[in-house]
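This report concerns only the one structure given below.
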Amino acid sequence: MASNKRIVIKIGSSLLANAELLTPRWAFIQQLLEDVKLLRDDGFEVLLCSSGAVALGLNMLGERPETAGLRDKQAAAACGMPLLLNAYKQVAHEYGFGIAQVLVTLRDLEDRSRFLNTKNTVHRLLESGIVPIVNENDSITTEEIRVGDNDRLAAKVAQMVQAHQLIILTCVNGLYTKDPAEPGAELVETVSDVTPYLAVTEGVSSLGSGGMLTKMQAANMAQNAGCETLIGNGQAERPVTSLLDGSRKHTRCLAAIEPASAWTAWLTDRLQMAGSIVIPTLSAAALCRGERGVQREDIQSVQGTFVRGDVIHIYTEDGHECARGLANFTAEETLIMARNPNISAKQLLGFQTNGTLVSRDNLIVLDESHILWDTPPEDQVEQVKIG
């Protein structure tokens with residue numbers, strides 16, 4: 001159950017860094033943390049998910065966002081994070097509260113054990129009245145292993161701490177029916193299902209890595225965990241409390257009436273696909289009825305290099321994603337079993353096992369509340385012939 005006194009605030013790079021000078025926007029940070037103090041005085045626990053480190057660090061390296069490569073951005077993150085945290089620390093000190101930096105990687109959120117360790121750290125900080133500032137550790141991540149945007153990272157944090165509200169501060173008033181620069185664009189004030197709006201949410205800012213699409217994906221993840229999402233323009237005198245009291249325009253994405261459990265939310269809402277399999281339609285039907293998990297004889301194709309404990313995406317023959325679950329075997333072990341159906345799993349792998357790839361208790365059937373992932377491209381799928 002979500003805590004009605006816990007709020008996660010995501011701040012975009014364009015709010016924290018001057019687009020031309022690539023220096024901290026001190027006035028915004030002052031307004032933001034003044035709002036944080038007001039919320040804390042009212043009994044709220046507040047967490048921040050902050051962008052901005054890369055943008056601030058590029059200035060030190062003499063690079064620009066438009067031309068910076070991966071190595072530039074990794075080095076810029078290392079340079080910019082102390083600048084960003086120093087700005088937060090100075091202003092937070094004025095308002096009488098402490099901050100702490102929590103750097104995470106994709107694996108910290110996708111691996112169950114590391115996810116729980118991160119969760120324990122964040123909860124301990126909250127218990128001590130400290131405001132955690134969460135950011136992806138961009139200095140050591142590559143494009144292939146990074147979360148990719150702080151919108152979905154913030155949604156993962158909101159799930160992790162069972163927050164009541166996720167506030168996404170950006171440079172527009174919220175979700176529009178089309179590009180807000182086009183004539184006739186209308187603000188969408190309330191969203192219960194994000195799916196109809198995915199087609200009109202393309203585009204990213206010059207400083208950030210996410211656009212409205214990632215905000216809708218984040219809202220969907222938060223919805224499933226029973227967390228309401230507010231998306232609004234951060235360039236205001238009271239950037240957070242003016243959204244919460246409804247005194248200015250924004251988009252409100254409603255929480256699910258019957259939210260998923262913390263376990264289900266973690267398993268189903270993924271930031272990156274570790275791997276996938278395709279199973280026959282009849283097997284998928286039995287799986288969806290809850291009769292069993294995924295057996296070795298079900299496997300028709302395997303994609304990715306997943307390991308034991310990774311969450312894999314399960315597709316039917318027609319390309320429909322029907323479930324997600326924890327893999328009991330690596331991708332290599334899965335291929336070995338599927339290619340040798342007449343040899344026992346124990347003989348093939350060298351340890352006792354019944355060959356169940358995904359146990360029924362570690363599998364969640366997807367419903368209309370989840371954004372489904374496209375089937376991996378055929379050139380990335382290794383076909384497995386059975387029998």
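Identifiers in this document derive from the order of the structure tokens: chains are assigned A, B, ..., residues are numbered from 1 separately in each chain, and ligands are numbered from 1 in order of occurrence.
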
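For A:His93, the list of residues within 12 Å, based on only C-alpha atoms and with local chain neighbours fewer than 3 positions off taken out, reads Gln30, Leu33, Glu34, Lys37, Leu85, Asn86, Ala87, Tyr88, Lys89, Gln90, Gly96, Phe97, Gly98, Ile99, Ile130 and Val131 of chain A.
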
Please extract the residues of stretch 75-142 of chain A with a backbone DSSP assignment of strand (DSSP E) and present them as an mmCIF file with C-alpha atoms, in the first residue's frame.
data_model
loop_
_atom_site.group_PDB
_atom_site.id
_atom_site.type_symbol
_atom_site.label_atom_id
_atom_site.label_comp_id
_atom_site.auth_asym_id
_atom_site.auth_seq_id
_atom_site.Cartn_x
_atom_site.Cartn_y
_atom_site.Cartn_z
ATOM 1 C CA ILE A 99 20.757 15.460 1.616
ATOM 2 C CA ALA A 100 22.361 12.201 0.526
ATOM 3 C CA GLN A 101 23.458 10.966 -2.870
ATOM 4 C CA VAL A 102 22.226 7.564 -4.062
ATOM 5 C CA LEU A 103 23.837 6.531 -7.348
ATOM 6 C CA VAL A 104 22.292 3.534 -9.081
ATOM 7 C CA VAL A 131 16.396 13.746 1.574
ATOM 8 C CA PRO A 132 17.815 11.085 -0.797
ATOM 9 C CA ILE A 133 18.839 12.398 -4.210
ATOM 10 C CA VAL A 134 18.815 9.500 -6.648
ATOM 11 C CA ASN A 135 20.586 9.567 -9.983
ATOM 12 C CA GLU A 136 21.890 7.062 -12.473
#

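Here atom CA of A:Lys5 and atom CA of A:His164 stand 6.8 Å from one another.
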
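If you count only C-alpha atoms and ignore residues fewer than 5 places along the chain from A:Lys119, what sits within 12 Å of it is Val102, Val104, Asp108, Leu109, Arg112, Ser113, Arg114, Arg124, Leu125, Leu126, Pro132, Val134, Lys156, Val157, Ala158, Gln159, Met160, Val161, Gln162, Ala262 and Trp266 of chain A.
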
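Atom CA of A:Pro280 to atom CA of A:Gln347 spans 25.4 Å [interatomic distance, one decimal].
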
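Candidate residues A:Ile314, A:Ala19, A:Leu357, A:Ala55 were compared for distance to A:Glu332, and the nearest is A:Leu357, using only C-alpha atoms.
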
Helix (DSSP H, G or I) call set, DSSP backbone run, stretch 152-236 of chain A, as JSON, numbers by chain: {"A": [152, 153, 154, 155, 156, 157, 158, 159, 160, 161, 195, 196, 197, 198, 199, 200, 212, 213, 214, 215, 216, 217, 218, 219, 220, 221, 222, 223, 224]}

Please produce an output containing N, CA and C atoms for each residue in the selection, written as a PDB file, in the first residue's frame.
ATOM      1  N   ARG A 152      11.682   7.225 -15.957  1.00  0.00           N
ATOM      2  CA  ARG A 152      11.389   5.851 -15.533  1.00  0.00           C
ATOM      3  C   ARG A 152      12.185   5.465 -14.290  1.00  0.00           C
ATOM      4  N   LEU A 153      13.370   6.036 -14.147  1.00  0.00           N
ATOM      5  CA  LEU A 153      14.123   5.819 -12.911  1.00  0.00           C
ATOM      6  C   LEU A 153      13.328   6.324 -11.714  1.00  0.00           C
ATOM      7  N   ALA A 154      12.724   7.497 -11.856  1.00  0.00           N
ATOM      8  CA  ALA A 154      11.920   8.057 -10.768  1.00  0.00           C
ATOM      9  C   ALA A 154      10.711   7.178 -10.476  1.00  0.00           C
ATOM     10  N   ALA A 155      10.105   6.621 -11.529  1.00  0.00           N
ATOM     11  CA  ALA A 155       8.965   5.729 -11.327  1.00  0.00           C
ATOM     12  C   ALA A 155       9.387   4.474 -10.580  1.00  0.00           C
ATOM     13  N   LYS A 156      10.575   3.960 -10.895  1.00  0.00           N
ATOM     14  CA  LYS A 156      11.089   2.793 -10.184  1.00  0.00           C
ATOM     15  C   LYS A 156      11.318   3.117  -8.709  1.00  0.00           C
ATOM     16  N   VAL A 157      11.827   4.309  -8.446  1.00  0.00           N
ATOM     17  CA  VAL A 157      12.042   4.731  -7.063  1.00  0.00           C
ATOM     18  C   VAL A 157      10.701   4.875  -6.346  1.00  0.00           C
ATOM     19  N   ALA A 158       9.715   5.425  -7.046  1.00  0.00           N
ATOM     20  CA  ALA A 158       8.384   5.572  -6.450  1.00  0.00           C
ATOM     21  C   ALA A 158       7.797   4.204  -6.100  1.00  0.00           C
ATOM     22  N   GLN A 159       7.990   3.229  -6.985  1.00  0.00           N
ATOM     23  CA  GLN A 159       7.566   1.859  -6.682  1.00  0.00           C
ATOM     24  C   GLN A 159       8.322   1.324  -5.474  1.00  0.00           C
ATOM     25  N   MET A 160       9.612   1.551  -5.476  1.00  0.00           N
ATOM     26  CA  MET A 160      10.486   1.019  -4.429  1.00  0.00           C
ATOM     27  C   MET A 160      10.057   1.469  -3.044  1.00  0.00           C
ATOM     28  N   VAL A 161       9.724   2.753  -2.903  1.00  0.00           N
ATOM     29  CA  VAL A 161       9.399   3.304  -1.584  1.00  0.00           C
ATOM     30  C   VAL A 161       7.893   3.376  -1.358  1.00  0.00           C
ATOM     31  N   THR A 195      -1.996   4.543 -22.743  1.00  0.00           N
ATOM     32  CA  THR A 195      -1.809   3.920 -24.045  1.00  0.00           C
ATOM     33  C   THR A 195      -2.248   4.782 -25.223  1.00  0.00           C
ATOM     34  N   PRO A 196      -3.437   5.419 -25.197  1.00  0.00           N
ATOM     35  CA  PRO A 196      -3.856   6.207 -26.365  1.00  0.00           C
ATOM     36  C   PRO A 196      -2.952   7.396 -26.679  1.00  0.00           C
ATOM     37  N   TYR A 197      -2.098   7.786 -25.744  1.00  0.00           N
ATOM     38  CA  TYR A 197      -1.282   8.984 -25.938  1.00  0.00           C
ATOM     39  C   TYR A 197       0.152   8.677 -26.341  1.00  0.00           C
ATOM     40  N   LEU A 198       0.522   7.399 -26.431  1.00  0.00           N
ATOM     41  CA  LEU A 198       1.911   7.058 -26.711  1.00  0.00           C
ATOM     42  C   LEU A 198       2.362   7.532 -28.084  1.00  0.00           C
ATOM     43  N   ALA A 199       1.450   7.550 -29.049  1.00  0.00           N
ATOM     44  CA  ALA A 199       1.817   7.923 -30.416  1.00  0.00           C
ATOM     45  C   ALA A 199       2.123   9.406 -30.574  1.00  0.00           C
ATOM     46  N   VAL A 200       1.732  10.235 -29.611  1.00  0.00           N
ATOM     47  CA  VAL A 200       1.935  11.685 -29.746  1.00  0.00           C
ATOM     48  C   VAL A 200       2.982  12.200 -28.763  1.00  0.00           C
ATOM     49  N   MET A 212       8.214  13.241 -23.619  1.00  0.00           N
ATOM     50  CA  MET A 212       6.931  12.925 -23.008  1.00  0.00           C
ATOM     51  C   MET A 212       6.638  11.427 -23.064  1.00  0.00           C
ATOM     52  N   LEU A 213       7.226  10.712 -24.035  1.00  0.00           N
ATOM     53  CA  LEU A 213       7.029   9.264 -24.097  1.00  0.00           C
ATOM     54  C   LEU A 213       7.517   8.600 -22.819  1.00  0.00           C
ATOM     55  N   THR A 214       8.725   8.943 -22.385  1.00  0.00           N
ATOM     56  CA  THR A 214       9.251   8.330 -21.164  1.00  0.00           C
ATOM     57  C   THR A 214       8.436   8.743 -19.944  1.00  0.00           C
ATOM     58  N   LYS A 215       7.838   9.922 -19.994  1.00  0.00           N
ATOM     59  CA  LYS A 215       6.995  10.360 -18.874  1.00  0.00           C
ATOM     60  C   LYS A 215       5.711   9.543 -18.819  1.00  0.00           C
ATOM     61  N   MET A 216       5.159   9.193 -19.976  1.00  0.00           N
ATOM     62  CA  MET A 216       3.975   8.346 -20.007  1.00  0.00           C
ATOM     63  C   MET A 216       4.320   6.921 -19.556  1.00  0.00           C
ATOM     64  N   GLN A 217       5.483   6.435 -19.966  1.00  0.00           N
ATOM     65  CA  GLN A 217       5.923   5.119 -19.510  1.00  0.00           C
ATOM     66  C   GLN A 217       6.115   5.121 -17.994  1.00  0.00           C
ATOM     67  N   ALA A 218       6.701   6.197 -17.489  1.00  0.00           N
ATOM     68  CA  ALA A 218       6.892   6.316 -16.044  1.00  0.00           C
ATOM     69  C   ALA A 218       5.557   6.376 -15.322  1.00  0.00           C
ATOM     70  N   ALA A 219       4.623   7.119 -15.886  1.00  0.00           N
ATOM     71  CA  ALA A 219       3.290   7.224 -15.275  1.00  0.00           C
ATOM     72  C   ALA A 219       2.608   5.873 -15.222  1.00  0.00           C
ATOM     73  N   ASN A 220       2.768   5.071 -16.282  1.00  0.00           N
ATOM     74  CA  ASN A 220       2.178   3.734 -16.303  1.00  0.00           C
ATOM     75  C   ASN A 220       2.777   2.856 -15.208  1.00  0.00           C
ATOM     76  N   MET A 221       4.089   2.916 -15.048  1.00  0.00           N
ATOM     77  CA  MET A 221       4.748   2.145 -14.001  1.00  0.00           C
ATOM     78  C   MET A 221       4.257   2.569 -12.624  1.00  0.00           C
ATOM     79  N   ALA A 222       4.114   3.876 -12.433  1.00  0.00           N
ATOM     80  CA  ALA A 222       3.629   4.380 -11.143  1.00  0.00           C
ATOM     81  C   ALA A 222       2.177   3.977 -10.914  1.00  0.00           C
ATOM     82  N   GLN A 223       1.356   4.087 -11.959  1.00  0.00           N
ATOM     83  CA  GLN A 223      -0.057   3.703 -11.848  1.00  0.00           C
ATOM     84  C   GLN A 223      -0.201   2.285 -11.333  1.00  0.00           C
ATOM     85  N   ASN A 224       0.569   1.374 -11.921  1.00  0.00           N
ATOM     86  CA  ASN A 224       0.458  -0.038 -11.559  1.00  0.00           C
ATOM     87  C   ASN A 224       0.806  -0.290 -10.099  1.00  0.00           C
TER      88      ASN A 224
END

Counting only C-alpha atoms, the residue of A:Thr23, A:Leu16, A:Pro183, A:Leu335 that sits nearest A:Glu297: A:Leu335

Test item: residues at most 12 Å from A:Leu254, only C-alpha atoms, excluding those fewer than 2 positions along its chain, as a list in words: His164, Gln165, Leu166, Glu189, Thr190, Val191, Ser192, Asp193, Val194, Met216, Ala219, Asn220, Met221, Ala222, Gln223, Asn224, Ala225, Gly226, Cys227, Glu228, Thr229, Leu230, Ile231, Thr251, Arg252, Ala256, Ile257, Glu258 and Pro259 of chain A

Selection file, C-alpha atoms, as an mmCIF file, in the first residue's frame:
data_model
loop_
_atom_site.group_PDB
_atom_site.id
_atom_site.type_symbol
_atom_site.label_atom_id
_atom_site.label_comp_id
_atom_site.auth_asym_id
_atom_site.auth_seq_id
_atom_site.Cartn_x
_atom_site.Cartn_y
_atom_site.Cartn_z
ATOM 1 C CA HIS A 164 1.734 8.116 -2.987
ATOM 2 C CA GLN A 165 2.706 10.651 -5.639
ATOM 3 C CA LEU A 166 5.334 11.042 -8.331
ATOM 4 C CA GLU A 189 -5.597 17.314 -17.636
ATOM 5 C CA THR A 190 -6.448 13.773 -16.494
ATOM 6 C CA VAL A 191 -5.144 10.426 -17.734
ATOM 7 C CA SER A 192 -6.391 7.044 -16.581
ATOM 8 C CA ASP A 193 -4.839 5.014 -19.425
ATOM 9 C CA VAL A 194 -1.608 6.241 -21.022
ATOM 10 C CA MET A 216 3.975 8.346 -20.007
ATOM 11 C CA ALA A 219 3.290 7.224 -15.275
ATOM 12 C CA ASN A 220 2.178 3.734 -16.303
ATOM 13 C CA MET A 221 4.748 2.145 -14.001
ATOM 14 C CA ALA A 222 3.629 4.380 -11.143
ATOM 15 C CA GLN A 223 -0.057 3.703 -11.848
ATOM 16 C CA ASN A 224 0.458 -0.038 -11.559
ATOM 17 C CA ALA A 225 2.013 0.469 -8.118
ATOM 18 C CA GLY A 226 -0.864 2.652 -6.887
ATOM 19 C CA CYS A 227 1.059 5.905 -7.263
ATOM 20 C CA GLU A 228 -0.429 9.036 -8.816
ATOM 21 C CA THR A 229 1.746 11.018 -11.241
ATOM 22 C CA LEU A 230 1.634 14.794 -11.751
ATOM 23 C CA ILE A 231 3.452 16.251 -14.772
ATOM 24 C CA THR A 251 -1.474 16.614 -16.203
ATOM 25 C CA ARG A 252 -2.637 14.185 -13.522
ATOM 26 C CA ALA A 256 -4.723 2.183 -10.360
ATOM 27 C CA ILE A 257 -7.762 1.493 -8.190
ATOM 28 C CA GLU A 258 -6.383 -1.943 -7.365
ATOM 29 C CA PRO A 259 -2.582 -1.551 -7.442
#

With a distance cut-off of 9 Å and only C-alpha atoms, select the neighbouring residues of A:Val278, excluding the residue or stretch itself and same-chain residues fewer than 4 positions from it, and output the selection as a PDB file with N, CA and C atoms, in the first residue's frame.
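Result file is selection_18.pdb:
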ATOM      1  N   ASP A 298       8.338 -26.158 -24.063  1.00  0.00           N
ATOM      2  CA  ASP A 298       7.574 -25.028 -24.601  1.00  0.00           C
ATOM      3  C   ASP A 298       8.420 -24.111 -25.485  1.00  0.00           C
ATOM      4  N   ILE A 299       9.723 -24.146 -25.312  1.00  0.00           N
ATOM      5  CA  ILE A 299      10.586 -23.112 -25.882  1.00  0.00           C
ATOM      6  C   ILE A 299      10.743 -23.288 -27.393  1.00  0.00           C
ATOM      7  N   GLN A 300      10.375 -22.243 -28.127  1.00  0.00           N
ATOM      8  CA  GLN A 300      10.530 -22.242 -29.577  1.00  0.00           C
ATOM      9  C   GLN A 300      11.682 -21.352 -30.030  1.00  0.00           C
ATOM     10  N   SER A 301      11.945 -20.264 -29.338  1.00  0.00           N
ATOM     11  CA  SER A 301      13.081 -19.407 -29.667  1.00  0.00           C
ATOM     12  C   SER A 301      13.517 -18.641 -28.436  1.00  0.00           C
ATOM     13  N   VAL A 302      14.775 -18.235 -28.453  1.00  0.00           N
ATOM     14  CA  VAL A 302      15.393 -17.546 -27.324  1.00  0.00           C
ATOM     15  C   VAL A 302      16.122 -16.314 -27.843  1.00  0.00           C
ATOM     16  N   GLN A 303      15.990 -15.211 -27.141  1.00  0.00           N
ATOM     17  CA  GLN A 303      16.689 -13.979 -27.502  1.00  0.00           C
ATOM     18  C   GLN A 303      17.351 -13.399 -26.267  1.00  0.00           C
ATOM     19  N   HIS A 313      10.896 -11.878 -20.916  1.00  0.00           N
ATOM     20  CA  HIS A 313       9.607 -11.569 -21.517  1.00  0.00           C
ATOM     21  C   HIS A 313       9.155 -12.776 -22.326  1.00  0.00           C
ATOM     22  N   ILE A 314       7.897 -13.144 -22.163  1.00  0.00           N
ATOM     23  CA  ILE A 314       7.381 -14.362 -22.777  1.00  0.00           C
ATOM     24  C   ILE A 314       6.355 -14.000 -23.843  1.00  0.00           C
ATOM     25  N   TYR A 315       6.607 -14.451 -25.084  1.00  0.00           N
ATOM     26  CA  TYR A 315       5.751 -14.135 -26.224  1.00  0.00           C
ATOM     27  C   TYR A 315       5.084 -15.396 -26.769  1.00  0.00           C
ATOM     28  N   THR A 316       3.916 -15.190 -27.372  1.00  0.00           N
ATOM     29  CA  THR A 316       3.262 -16.272 -28.104  1.00  0.00           C
ATOM     30  C   THR A 316       3.783 -16.286 -29.542  1.00  0.00           C
ATOM     31  N   GLU A 317       3.379 -17.289 -30.296  1.00  0.00           N
ATOM     32  CA  GLU A 317       3.858 -17.439 -31.670  1.00  0.00           C
ATOM     33  C   GLU A 317       3.485 -16.261 -32.565  1.00  0.00           C
ATOM     34  N   GLY A 319       3.564 -13.166 -31.716  1.00  0.00           N
ATOM     35  CA  GLY A 319       4.271 -11.954 -31.319  1.00  0.00           C
ATOM     36  C   GLY A 319       3.641 -11.189 -30.170  1.00  0.00           C
ATOM     37  N   GLU A 321       3.052 -10.378 -26.357  1.00  0.00           N
ATOM     38  CA  GLU A 321       3.688 -10.601 -25.062  1.00  0.00           C
ATOM     39  C   GLU A 321       2.628 -10.938 -24.030  1.00  0.00           C
TER      40      GLU A 321
END

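The coordinates place atom CA of A:Val8 at 18.6 Å from atom CA of A:Asn137.
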
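If you measure from each of A:Thr305, A:Gly80, A:Ala338, A:Leu366 to A:Ala284 using only C-alpha atoms, the closest one turns out to be A:Leu366.
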
Determine, using only C-alpha atoms, which residues of stretch 26-90 of chain A have any atom at most 12 Å from an atom of stretch 233-246 of chain A, and tabulate each with its shortest atom pair and distance in Å to one decimal place, rows ordered by chain and then rising number, as CSV.
residue,atom,partner,partner_atom,distance
A:Ala27,CA,A:Glu237,CA,9.5
A:Phe28,CA,A:Gln235,CA,7.3
A:Ile29,CA,A:Pro239,CA,10.1
A:Gln30,CA,A:Glu237,CA,9.8
A:Gln31,CA,A:Glu237,CA,6.3
A:Leu32,CA,A:Pro239,CA,6.3
A:Leu33,CA,A:Val240,CA,9.6
A:Glu34,CA,A:Arg238,CA,8.1
A:Asp35,CA,A:Val240,CA,6.3
A:Val36,CA,A:Val240,CA,8.0
A:Lys37,CA,A:Thr241,CA,10.6
A:Leu38,CA,A:Thr241,CA,8.3
A:Leu39,CA,A:Thr241,CA,7.8
A:Arg40,CA,A:Thr241,CA,11.5
A:Asp42,CA,A:Thr241,CA,11.2
A:Phe44,CA,A:Thr241,CA,11.8
A:Val46,CA,A:Val240,CA,11.2
A:Leu48,CA,A:Val240,CA,11.7

Residues as selected, N, CA and C atoms, written as a PDB file, in the first residue's frame, can you do that?
ATOM      1  N   ALA A  27      18.364  29.926  -8.962  1.00  0.00           N
ATOM      2  CA  ALA A  27      17.032  30.410  -8.582  1.00  0.00           C
ATOM      3  C   ALA A  27      16.034  29.259  -8.543  1.00  0.00           C
ATOM      4  N   PHE A  28      16.120  28.347  -9.531  1.00  0.00           N
ATOM      5  CA  PHE A  28      15.208  27.206  -9.538  1.00  0.00           C
ATOM      6  C   PHE A  28      15.477  26.286  -8.351  1.00  0.00           C
ATOM      7  N   ILE A  29      16.747  26.005  -8.100  1.00  0.00           N
ATOM      8  CA  ILE A  29      17.087  25.115  -6.985  1.00  0.00           C
ATOM      9  C   ILE A  29      16.580  25.700  -5.667  1.00  0.00           C
ATOM     10  N   GLN A  30      16.679  27.010  -5.528  1.00  0.00           N
ATOM     11  CA  GLN A  30      16.180  27.687  -4.324  1.00  0.00           C
ATOM     12  C   GLN A  30      14.667  27.483  -4.191  1.00  0.00           C
ATOM     13  N   GLN A  31      13.931  27.685  -5.283  1.00  0.00           N
ATOM     14  CA  GLN A  31      12.473  27.528  -5.251  1.00  0.00           C
ATOM     15  C   GLN A  31      12.072  26.074  -4.988  1.00  0.00           C
ATOM     16  N   LEU A  32      12.795  25.151  -5.602  1.00  0.00           N
ATOM     17  CA  LEU A  32      12.490  23.735  -5.425  1.00  0.00           C
ATOM     18  C   LEU A  32      12.667  23.307  -3.974  1.00  0.00           C
ATOM     19  N   LEU A  33      13.809  23.625  -3.396  1.00  0.00           N
ATOM     20  CA  LEU A  33      14.087  23.164  -2.033  1.00  0.00           C
ATOM     21  C   LEU A  33      13.280  23.928  -0.990  1.00  0.00           C
ATOM     22  N   GLU A  34      12.840  25.141  -1.321  1.00  0.00           N
ATOM     23  CA  GLU A  34      11.897  25.832  -0.435  1.00  0.00           C
ATOM     24  C   GLU A  34      10.591  25.056  -0.379  1.00  0.00           C
ATOM     25  N   ASP A  35      10.157  24.558  -1.535  1.00  0.00           N
ATOM     26  CA  ASP A  35       8.959  23.718  -1.575  1.00  0.00           C
ATOM     27  C   ASP A  35       9.163  22.412  -0.813  1.00  0.00           C
ATOM     28  N   VAL A  36      10.345  21.831  -0.951  1.00  0.00           N
ATOM     29  CA  VAL A  36      10.656  20.598  -0.223  1.00  0.00           C
ATOM     30  C   VAL A  36      10.556  20.841   1.276  1.00  0.00           C
ATOM     31  N   LYS A  37      11.060  21.973   1.731  1.00  0.00           N
ATOM     32  CA  LYS A  37      10.956  22.301   3.156  1.00  0.00           C
ATOM     33  C   LYS A  37       9.495  22.411   3.596  1.00  0.00           C
ATOM     34  N   LEU A  38       8.659  23.062   2.788  1.00  0.00           N
ATOM     35  CA  LEU A  38       7.239  23.187   3.117  1.00  0.00           C
ATOM     36  C   LEU A  38       6.585  21.812   3.221  1.00  0.00           C
ATOM     37  N   LEU A  39       6.925  20.919   2.298  1.00  0.00           N
ATOM     38  CA  LEU A  39       6.365  19.566   2.334  1.00  0.00           C
ATOM     39  C   LEU A  39       6.836  18.814   3.570  1.00  0.00           C
ATOM     40  N   ARG A  40       8.096  18.930   3.896  1.00  0.00           N
ATOM     41  CA  ARG A  40       8.633  18.260   5.079  1.00  0.00           C
ATOM     42  C   ARG A  40       7.990  18.809   6.352  1.00  0.00           C
ATOM     43  N   ASP A  42       5.106  19.793   6.588  1.00  0.00           N
ATOM     44  CA  ASP A  42       3.741  19.268   6.609  1.00  0.00           C
ATOM     45  C   ASP A  42       3.707  17.760   6.835  1.00  0.00           C
ATOM     46  N   PHE A  44       5.573  15.343   5.162  1.00  0.00           N
ATOM     47  CA  PHE A  44       5.876  14.492   4.019  1.00  0.00           C
ATOM     48  C   PHE A  44       7.339  14.049   4.037  1.00  0.00           C
ATOM     49  N   VAL A  46      10.252  13.225   1.403  1.00  0.00           N
ATOM     50  CA  VAL A  46      10.499  13.645   0.026  1.00  0.00           C
ATOM     51  C   VAL A  46      11.780  13.011  -0.499  1.00  0.00           C
ATOM     52  N   LEU A  48      14.232  13.007  -4.164  1.00  0.00           N
ATOM     53  CA  LEU A  48      14.468  13.663  -5.436  1.00  0.00           C
ATOM     54  C   LEU A  48      15.149  12.705  -6.404  1.00  0.00           C
TER      55      LEU A  48
END

Top pick for closest residue to A:Glu20, considering A:Gly174, A:Gly43, A:Gly52, A:Pro65 and counting only C-alpha atoms: A:Pro65

Nearest to A:Val54 by atom-to-atom distance, counting only C-alpha atoms, from A:Ala327, A:Met81, A:Leu349, A:Ile11: A:Met81
